[in-house]
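Enquirer: Got a structure here, written out as structure tokens. Questions coming.
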Amino acid sequence: MLKQLRQRKTAKKILWGLAIIIIPAFILWGSASMMRQNKDTDSAGRIFGRKISLAQYEDSLIAVKNQAVLQYGEKLSSIEKYLNLTQQAWERLILLYEAKRRKIKVADPEIISAIQSTPLFEKDGRFNQGVYDNIVLGYLRTPKRVFEETVRDSLKISKLYQQITDGITIDDQGLEEEYRKKNEEIMVKYLAFEPESHINEIAIGEEELAAYFDANKNNFMRPIIVNIQYAGFDYAEGAQEEEKTKAKNQLLEIRKKINNAGDFQKISQSEHMSLRETGFFAPNQPVPQIGWSEEFNKIAFNLGPKEISAPVDTARGIYILALAEKKEAYIPEFSEIKEEIKNILKQEKMRFIAEKKAEEFIAKTNEKNSNIDKLAKEMNLKSKETPLFKRDSYIEDIGISEEFSEAAFNLKAQEISRIIKTPKAFYIILAVIQRVEINKEKFEKEKDDFRDKLITDKKMEEFFKFLQNLKIKSNLTSYVN
């Protein structure tokens, strides 16, 4: 069928034949959506000063969830907590608003063509209606008219992406320079000035510790923490939306019983749910035993005494919550954190000594007729050599350090580097031992693929910047968790 679609004589006839089947679904979906919006006046939030209904937000969330299901399959349940689908849903709405402002439209035949051309819906190299129905209706559990409307919106965003990024390209000189940065290698000799090597030189008295505490009390503020009781249902691996909805509805009924009886533990036991506690955790921290859940975290810190939350959906399961205990933010007593202060001061002093020693070395190299190797020996410094490494490589004994890599690749002959500061230590590169330039023949073979990847990366970067600016302009206000 795809081959037929590509033939000009039959393409139009087939497209409109398919349109007879699919377009009425679009019309019905549009009407149903409009009816639902008229009925559902609750607002999910605002963008660009305009209200977004819960229906509009839910449509967007369904679209990004379906995209995630198709992209990650069975792995989705284990990584969903990292995807922030709610943010993606808002970003989709913001992009669609911009597409509408630019009068970007997608005709029904374009949607049909996009679906017909998707390898996911093919069998034996051609579009297969049965495969399409099984995936959309069975796997995604989404009405075809809803799925097809999300395809329309996705194509609008695709056209917007093209408008923003079409002018991005790279010339041959720039391409070779980028290839060189990715592939050239270098080996250097260097000195390491490690703070830990000065640990025996540090002495800190009680008065100094107390003075530091008095001057920096607010830095030791302990955040508010809560311990949460929760009960509910853990999800089985690969749980479907239907199962999750059933669990949510069951929890809503159980919540009513708890509110009427006033006894979380008793009702939980009668419903064969174990009542668990998280232990104390702070805002914006992973929840013990649950993992990272923005919704769980947000609701936990807004619960009042004896309040039972609405069901909270997480990657692990769905639960209702109650506040077991809350501890307000406070500044601890000096005696409680004296060792912590001692460690902070030790680190500061060790880094200070290490940096001063590096500065001393640099100062002496500037003296007339100085011999670097002899100077290093006089100062009890032992030089090291790196293996060959690329700009973004892990370097033995140093780790991944953009500062060190850039200093190494920019170092000229007969020069030593400036002091390179990293969280781990201070470094001075003494000399380049070996440079491995790019293989020109290999570059010629790989440059077309490399150009395509580089342009794609640059387009993605440009569109990301565009989206971030658009989000700021949208002045997004969200009322949903």
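Note on naming: chains are A, B, ... as they come in the structure tokens, residues start from 1 per chain, ligands start from 1 in the order shown.
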Quick one: everything within 12 Å of Asn259 (chain A), counting only C-alpha atoms, minus sequence neighbours fewer than 2 positions away in the same chain. Send it as a list in words.
Expert: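 Neighbouring residues, sequence-local ones excluded: Leu252, Glu253, Ile254, Arg255, Lys256, Lys257, Ala261, Gly262, Asp263, Phe264, Gln265, Lys266, Ile267, Ser268, Lys306, Glu307, Ile308, Ser309, Ala310, Ile320 and Ala322 of chain A.
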Enquirer: Please provide the set of residues having any atom within 10 Å of Ser478 (chain A), restricted to only C-alpha atoms, with same-chain residues fewer than 3 positions apart removed, written as a ChimeraX atom specification.
Expert: /A:43-47,52,86-87,90,475,481
Enquirer: Okay, now the selection with N, CA and C atoms, as a CSV table (one decimal), in the first residue's frame?
Expert:
chain,number,residue,atom,x,y,z
A,43,SER,N,-10.4,24.2,35.5
A,43,SER,CA,-9.1,24.7,34.8
A,43,SER,C,-7.9,23.9,35.3
A,44,ALA,N,-7.1,23.5,34.4
A,44,ALA,CA,-5.8,22.8,34.8
A,44,ALA,C,-4.7,23.8,35.0
A,45,GLY,N,-4.9,25.0,34.4
A,45,GLY,CA,-3.9,26.0,34.5
A,45,GLY,C,-4.0,27.1,33.5
A,46,ARG,N,-3.0,27.9,33.3
A,46,ARG,CA,-3.0,29.0,32.3
A,46,ARG,C,-1.7,29.1,31.6
A,47,ILE,N,-1.8,29.4,30.3
A,47,ILE,CA,-0.6,29.7,29.5
A,47,ILE,C,-0.9,30.9,28.6
A,52,ILE,N,-6.5,26.9,30.5
A,52,ILE,CA,-6.4,25.5,29.9
A,52,ILE,C,-7.3,24.6,30.7
A,86,THR,N,4.2,15.2,33.1
A,86,THR,CA,3.3,16.3,33.3
A,86,THR,C,4.0,17.6,32.7
A,87,GLN,N,5.3,17.7,32.9
A,87,GLN,CA,6.0,18.9,32.2
A,87,GLN,C,5.9,18.7,30.7
A,90,TRP,N,2.6,20.0,29.4
A,90,TRP,CA,2.5,21.4,29.4
A,90,TRP,C,3.3,22.0,28.2
A,475,ASN,N,4.3,32.2,30.7
A,475,ASN,CA,3.9,32.5,32.1
A,475,ASN,C,3.0,31.4,32.7
A,481,ASN,N,-1.2,18.5,39.9
A,481,ASN,CA,0.0,17.9,40.4
A,481,ASN,C,0.8,17.2,39.4
Enquirer: Kindly indicate which residue among A:Leu175, A:Val146, A:Ile318, A:Leu303 lies nearest to Glu243 (chain A), using only C-alpha atoms for the distances.
Expert: A:Ile318
Enquirer: State, in Å with one decimal place, the distance from CA of Ile94 (chain A) to CA of Val480 (chain A).
Expert: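 Taking CA of Ile94 (chain A) and CA of Val480 (chain A), their separation equals 15.8 Å.
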Enquirer: Given the choices A:Glu385, A:Phe220, A:Lys453, A:Ser154, which gets closest to Glu336 (chain A) if the distance is worked out from only C-alpha atoms?
Expert: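 Between A:Glu385, A:Phe220, A:Lys453, A:Ser154, the residue approaching Glu336 (chain A) most closely is A:Phe220.
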Enquirer: Please give the complete set of residues from region 220-328 of chain A that DSSP, run on the backbone, assigns to strand (DSSP E), formatted as a list in words.
Expert: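 Taking region 220-328 of chain A and keeping strand (DSSP E) only, one gets Ile225, Val226, Asn227, Ile228, Gln229, Tyr230, Ala231, Gly232, Phe233, Asp234, Arg276, Glu277, Val312, Asp313, Gly317, Ile318, Tyr319, Ile320, Leu321, Ala322, Leu323, Ala324, Glu325, Lys326 and Lys327 of chain A.
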Enquirer: Write out the residues from the selection above, keeping N, CA and C atoms, as a PDB file, in the first residue's frame.
Expert:
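New file again.pdb:
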ATOM      1  N   ILE A 225      11.070  18.302  57.861  1.00  0.00           N
ATOM      2  CA  ILE A 225      11.019  16.892  57.473  1.00  0.00           C
ATOM      3  C   ILE A 225       9.700  16.287  57.922  1.00  0.00           C
ATOM      4  N   VAL A 226       9.244  15.276  57.204  1.00  0.00           N
ATOM      5  CA  VAL A 226       7.997  14.604  57.572  1.00  0.00           C
ATOM      6  C   VAL A 226       8.186  13.093  57.531  1.00  0.00           C
ATOM      7  N   ASN A 227       7.378  12.422  58.330  1.00  0.00           N
ATOM      8  CA  ASN A 227       7.256  10.968  58.283  1.00  0.00           C
ATOM      9  C   ASN A 227       5.822  10.680  57.870  1.00  0.00           C
ATOM     10  N   ILE A 228       5.640   9.908  56.809  1.00  0.00           N
ATOM     11  CA  ILE A 228       4.313   9.704  56.226  1.00  0.00           C
ATOM     12  C   ILE A 228       3.866   8.258  56.377  1.00  0.00           C
ATOM     13  N   GLN A 229       2.626   8.094  56.837  1.00  0.00           N
ATOM     14  CA  GLN A 229       1.966   6.794  56.785  1.00  0.00           C
ATOM     15  C   GLN A 229       1.282   6.671  55.427  1.00  0.00           C
ATOM     16  N   TYR A 230       1.366   5.498  54.819  1.00  0.00           N
ATOM     17  CA  TYR A 230       0.694   5.323  53.526  1.00  0.00           C
ATOM     18  C   TYR A 230       0.226   3.879  53.367  1.00  0.00           C
ATOM     19  N   ALA A 231      -0.837   3.749  52.621  1.00  0.00           N
ATOM     20  CA  ALA A 231      -1.395   2.421  52.319  1.00  0.00           C
ATOM     21  C   ALA A 231      -1.958   2.468  50.910  1.00  0.00           C
ATOM     22  N   GLY A 232      -1.972   1.336  50.255  1.00  0.00           N
ATOM     23  CA  GLY A 232      -2.491   1.310  48.890  1.00  0.00           C
ATOM     24  C   GLY A 232      -2.078   0.055  48.172  1.00  0.00           C
ATOM     25  N   PHE A 233      -1.813   0.196  46.884  1.00  0.00           N
ATOM     26  CA  PHE A 233      -1.542  -0.970  46.044  1.00  0.00           C
ATOM     27  C   PHE A 233      -0.261  -0.760  45.249  1.00  0.00           C
ATOM     28  N   ASP A 234       0.678  -1.693  45.392  1.00  0.00           N
ATOM     29  CA  ASP A 234       1.874  -1.685  44.555  1.00  0.00           C
ATOM     30  C   ASP A 234       1.501  -2.190  43.163  1.00  0.00           C
ATOM     31  N   ARG A 276       2.114   1.407  56.031  1.00  0.00           N
ATOM     32  CA  ARG A 276       3.569   1.560  56.091  1.00  0.00           C
ATOM     33  C   ARG A 276       3.956   2.996  56.414  1.00  0.00           C
ATOM     34  N   GLU A 277       5.218   3.170  56.837  1.00  0.00           N
ATOM     35  CA  GLU A 277       5.751   4.501  57.102  1.00  0.00           C
ATOM     36  C   GLU A 277       7.002   4.722  56.276  1.00  0.00           C
ATOM     37  N   VAL A 312      -2.454   8.938  45.447  1.00  0.00           N
ATOM     38  CA  VAL A 312      -1.239   9.503  44.855  1.00  0.00           C
ATOM     39  C   VAL A 312      -0.598   8.440  43.971  1.00  0.00           C
ATOM     40  N   ASP A 313      -0.508   8.747  42.685  1.00  0.00           N
ATOM     41  CA  ASP A 313       0.047   7.794  41.721  1.00  0.00           C
ATOM     42  C   ASP A 313       1.562   7.958  41.645  1.00  0.00           C
ATOM     43  N   GLY A 317       3.504   2.447  42.719  1.00  0.00           N
ATOM     44  CA  GLY A 317       2.138   2.056  43.030  1.00  0.00           C
ATOM     45  C   GLY A 317       1.288   3.276  43.287  1.00  0.00           C
ATOM     46  N   ILE A 318       0.063   3.064  43.795  1.00  0.00           N
ATOM     47  CA  ILE A 318      -0.847   4.160  44.101  1.00  0.00           C
ATOM     48  C   ILE A 318      -1.252   4.056  45.573  1.00  0.00           C
ATOM     49  N   TYR A 319      -1.231   5.192  46.281  1.00  0.00           N
ATOM     50  CA  TYR A 319      -1.379   5.166  47.735  1.00  0.00           C
ATOM     51  C   TYR A 319      -2.185   6.368  48.230  1.00  0.00           C
ATOM     52  N   ILE A 320      -2.759   6.209  49.429  1.00  0.00           N
ATOM     53  CA  ILE A 320      -3.311   7.336  50.173  1.00  0.00           C
ATOM     54  C   ILE A 320      -2.383   7.599  51.351  1.00  0.00           C
ATOM     55  N   LEU A 321      -2.244   8.871  51.701  1.00  0.00           N
ATOM     56  CA  LEU A 321      -1.228   9.277  52.673  1.00  0.00           C
ATOM     57  C   LEU A 321      -1.851   9.946  53.886  1.00  0.00           C
ATOM     58  N   ALA A 322      -1.128   9.833  55.002  1.00  0.00           N
ATOM     59  CA  ALA A 322      -1.483  10.566  56.219  1.00  0.00           C
ATOM     60  C   ALA A 322      -0.194  11.007  56.900  1.00  0.00           C
ATOM     61  N   LEU A 323      -0.255  12.126  57.567  1.00  0.00           N
ATOM     62  CA  LEU A 323       0.919  12.662  58.257  1.00  0.00           C
ATOM     63  C   LEU A 323       1.121  11.937  59.587  1.00  0.00           C
ATOM     64  N   ALA A 324       2.251  11.266  59.735  1.00  0.00           N
ATOM     65  CA  ALA A 324       2.571  10.605  61.008  1.00  0.00           C
ATOM     66  C   ALA A 324       3.261  11.598  61.946  1.00  0.00           C
ATOM     67  N   GLU A 325       4.225  12.347  61.412  1.00  0.00           N
ATOM     68  CA  GLU A 325       4.961  13.306  62.250  1.00  0.00           C
ATOM     69  C   GLU A 325       5.648  14.328  61.351  1.00  0.00           C
ATOM     70  N   LYS A 326       5.719  15.550  61.865  1.00  0.00           N
ATOM     71  CA  LYS A 326       6.393  16.619  61.130  1.00  0.00           C
ATOM     72  C   LYS A 326       7.350  17.336  62.070  1.00  0.00           C
ATOM     73  N   LYS A 327       8.559  17.604  61.585  1.00  0.00           N
ATOM     74  CA  LYS A 327       9.528  18.387  62.347  1.00  0.00           C
ATOM     75  C   LYS A 327       9.858  19.645  61.557  1.00  0.00           C
TER      76      LYS A 327
END
Enquirer: So which bits of region 96-341 of chain A end up alpha helix (DSSP H) when you DSSP the backbone, as a PyMOL selection string?
Expert: chain A and resi 96-101+108-116+129-133+144-165+172-183+206-215+241-261+264-270+294-300+334-341
Enquirer: For the residues in the current selection, export C-alpha atoms as a CSV table (one decimal), in the first residue's frame.
Expert:
chain,number,residue,atom,x,y,z
A,96,LEU,CA,0.6,23.9,20.0
A,97,TYR,CA,-0.4,27.4,21.1
A,98,GLU,CA,2.6,28.8,19.2
A,99,ALA,CA,1.8,26.7,16.2
A,100,LYS,CA,-1.7,28.0,16.2
A,101,ARG,CA,-0.4,31.6,16.5
A,108,ASP,CA,-6.4,15.1,7.1
A,109,PRO,CA,-4.5,13.5,4.2
A,110,GLU,CA,-1.2,14.4,5.9
A,111,ILE,CA,-2.3,12.5,9.0
A,112,ILE,CA,-3.3,9.5,7.0
A,113,SER,CA,0.0,9.6,5.1
A,114,ALA,CA,2.0,9.9,8.4
A,115,ILE,CA,0.2,6.9,9.9
A,116,GLN,CA,0.5,4.9,6.7
A,129,GLN,CA,-4.8,-2.1,9.3
A,130,GLY,CA,-4.9,-5.1,11.8
A,131,VAL,CA,-1.5,-4.2,13.2
A,132,TYR,CA,-2.5,-0.5,13.5
A,133,ASP,CA,-5.8,-1.5,15.3
A,144,LYS,CA,-8.4,5.6,17.1
A,145,ARG,CA,-10.0,9.0,16.8
A,146,VAL,CA,-8.1,10.2,19.8
A,147,PHE,CA,-4.8,8.8,18.6
A,148,GLU,CA,-5.3,10.3,15.1
A,149,GLU,CA,-6.0,13.7,16.6
A,150,THR,CA,-2.7,13.5,18.6
A,151,VAL,CA,-1.0,12.7,15.3
A,152,ARG,CA,-2.4,15.9,13.9
A,153,ASP,CA,-1.0,17.9,16.8
A,154,SER,CA,2.4,16.1,16.6
A,155,LEU,CA,2.6,17.1,12.9
A,156,LYS,CA,1.9,20.7,13.8
A,157,ILE,CA,4.8,20.6,16.3
A,158,SER,CA,7.0,19.0,13.6
A,159,LYS,CA,6.2,21.8,11.2
A,160,LEU,CA,7.0,24.3,13.9
A,161,TYR,CA,10.3,22.6,14.6
A,162,GLN,CA,11.1,22.8,10.8
A,163,GLN,CA,10.3,26.6,10.8
A,164,ILE,CA,12.7,27.2,13.8
A,165,THR,CA,15.6,25.0,12.6
A,172,ASP,CA,33.2,22.0,5.6
A,173,GLN,CA,35.7,24.0,7.6
A,174,GLY,CA,33.4,24.0,10.7
A,175,LEU,CA,32.6,20.4,10.2
A,176,GLU,CA,36.3,19.3,10.2
A,177,GLU,CA,36.9,21.5,13.3
A,178,GLU,CA,34.0,19.8,15.2
A,179,TYR,CA,35.2,16.4,14.1
A,180,ARG,CA,38.7,17.2,15.3
A,181,LYS,CA,37.4,18.3,18.7
A,182,LYS,CA,35.5,15.0,19.0
A,183,ASN,CA,38.3,12.6,17.9
A,206,GLU,CA,37.4,25.0,69.8
A,207,GLU,CA,37.3,28.8,69.5
A,208,GLU,CA,37.7,28.6,65.8
A,209,LEU,CA,34.9,26.1,65.5
A,210,ALA,CA,32.6,28.2,67.6
A,211,ALA,CA,33.4,31.3,65.7
A,212,TYR,CA,32.7,29.6,62.3
A,213,PHE,CA,29.4,28.4,63.7
A,214,ASP,CA,28.4,31.9,64.9
A,215,ALA,CA,29.3,33.4,61.5
A,241,GLU,CA,-3.9,1.8,32.7
A,242,GLU,CA,-7.1,-0.2,33.3
A,243,GLU,CA,-5.6,-1.8,36.3
A,244,LYS,CA,-4.3,1.5,37.6
A,245,THR,CA,-7.7,3.1,37.2
A,246,LYS,CA,-9.3,0.2,39.1
A,247,ALA,CA,-6.9,0.6,41.9
A,248,LYS,CA,-7.5,4.3,42.1
A,249,ASN,CA,-11.2,3.9,42.3
A,250,GLN,CA,-10.9,1.3,45.0
A,251,LEU,CA,-8.7,3.7,47.0
A,252,LEU,CA,-11.2,6.5,46.7
A,253,GLU,CA,-13.8,4.3,48.3
A,254,ILE,CA,-11.5,3.2,51.0
A,255,ARG,CA,-10.6,6.8,51.7
A,256,LYS,CA,-14.3,7.6,52.3
A,257,LYS,CA,-14.4,4.8,54.8
A,258,ILE,CA,-11.3,6.1,56.6
A,259,ASN,CA,-12.7,9.6,56.8
A,260,ASN,CA,-16.0,8.3,58.2
A,261,ALA,CA,-14.4,6.0,60.7
A,264,PHE,CA,-6.5,4.8,59.1
A,265,GLN,CA,-4.9,1.7,60.6
A,266,LYS,CA,-8.2,-0.2,61.3
A,267,ILE,CA,-9.7,0.4,57.9
A,268,SER,CA,-6.4,-0.4,56.1
A,269,GLN,CA,-6.3,-3.7,57.9
A,270,SER,CA,-9.9,-4.5,57.1
A,294,GLU,CA,7.1,14.9,42.8
A,295,GLU,CA,3.4,14.4,43.5
A,296,PHE,CA,4.0,12.2,46.7
A,297,ASN,CA,6.6,14.8,47.9
A,298,LYS,CA,4.3,17.8,47.3
A,299,ILE,CA,1.3,16.3,49.0
A,300,ALA,CA,3.3,14.9,51.9
A,334,PHE,CA,26.8,23.9,68.2
A,335,SER,CA,27.5,20.6,70.1
A,336,GLU,CA,25.3,18.7,67.7
A,337,ILE,CA,27.2,19.7,64.6
A,338,LYS,CA,30.7,20.4,65.9
A,339,GLU,CA,32.2,17.4,63.9
A,340,GLU,CA,30.5,18.6,60.7
A,341,ILE,CA,32.0,22.1,61.2
Enquirer: Identify, on the basis of only C-alpha atoms, every residue whose closest approach to region 396-403 of chain A does not exceed 8 Å; exclude the query and any residue fewer than 6 positions from it along the same chain; express the result as a PyMOL selection string.
Expert: chain A and resi 386-387+420-422+424
Enquirer: Give me, please, the distance in Å between CA of Ser197 (chain A) and CA of Asn219 (chain A), quoted to one decimal.
Expert: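 One can read the CA of Ser197 (chain A) to CA of Asn219 (chain A) distance as 27.2 Å.
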Enquirer: Please measure the separation of CA of Ala315 (chain A) and CA of Ile290 (chain A), giving the value in Å to one decimal.
Expert: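 These two atoms are separated by 8.2 Å.
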Enquirer: Using only C-alpha atoms, which residue out of A:Ile472, A:Ile186, A:Met460, A:Ala282 lies closest to Ala408 (chain A)?
Expert: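 Among the listed residues, A:Ile186 lies closest to Ala408 (chain A).
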Enquirer: For Asn343 (chain A), which of A:Leu375, A:Ile433, A:Ala203, A:Ala425 is the closest residue, counting only C-alpha atoms?
Expert: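 Closest candidate: A:Ala203.
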Enquirer: When you count only C-alpha atoms, which of these residues is closest to Lys81 (chain A): A:Lys465, A:Arg316, A:Lys458, A:Lys374?
Expert: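 For Lys81 (chain A), the nearest of the given residues is A:Arg316.
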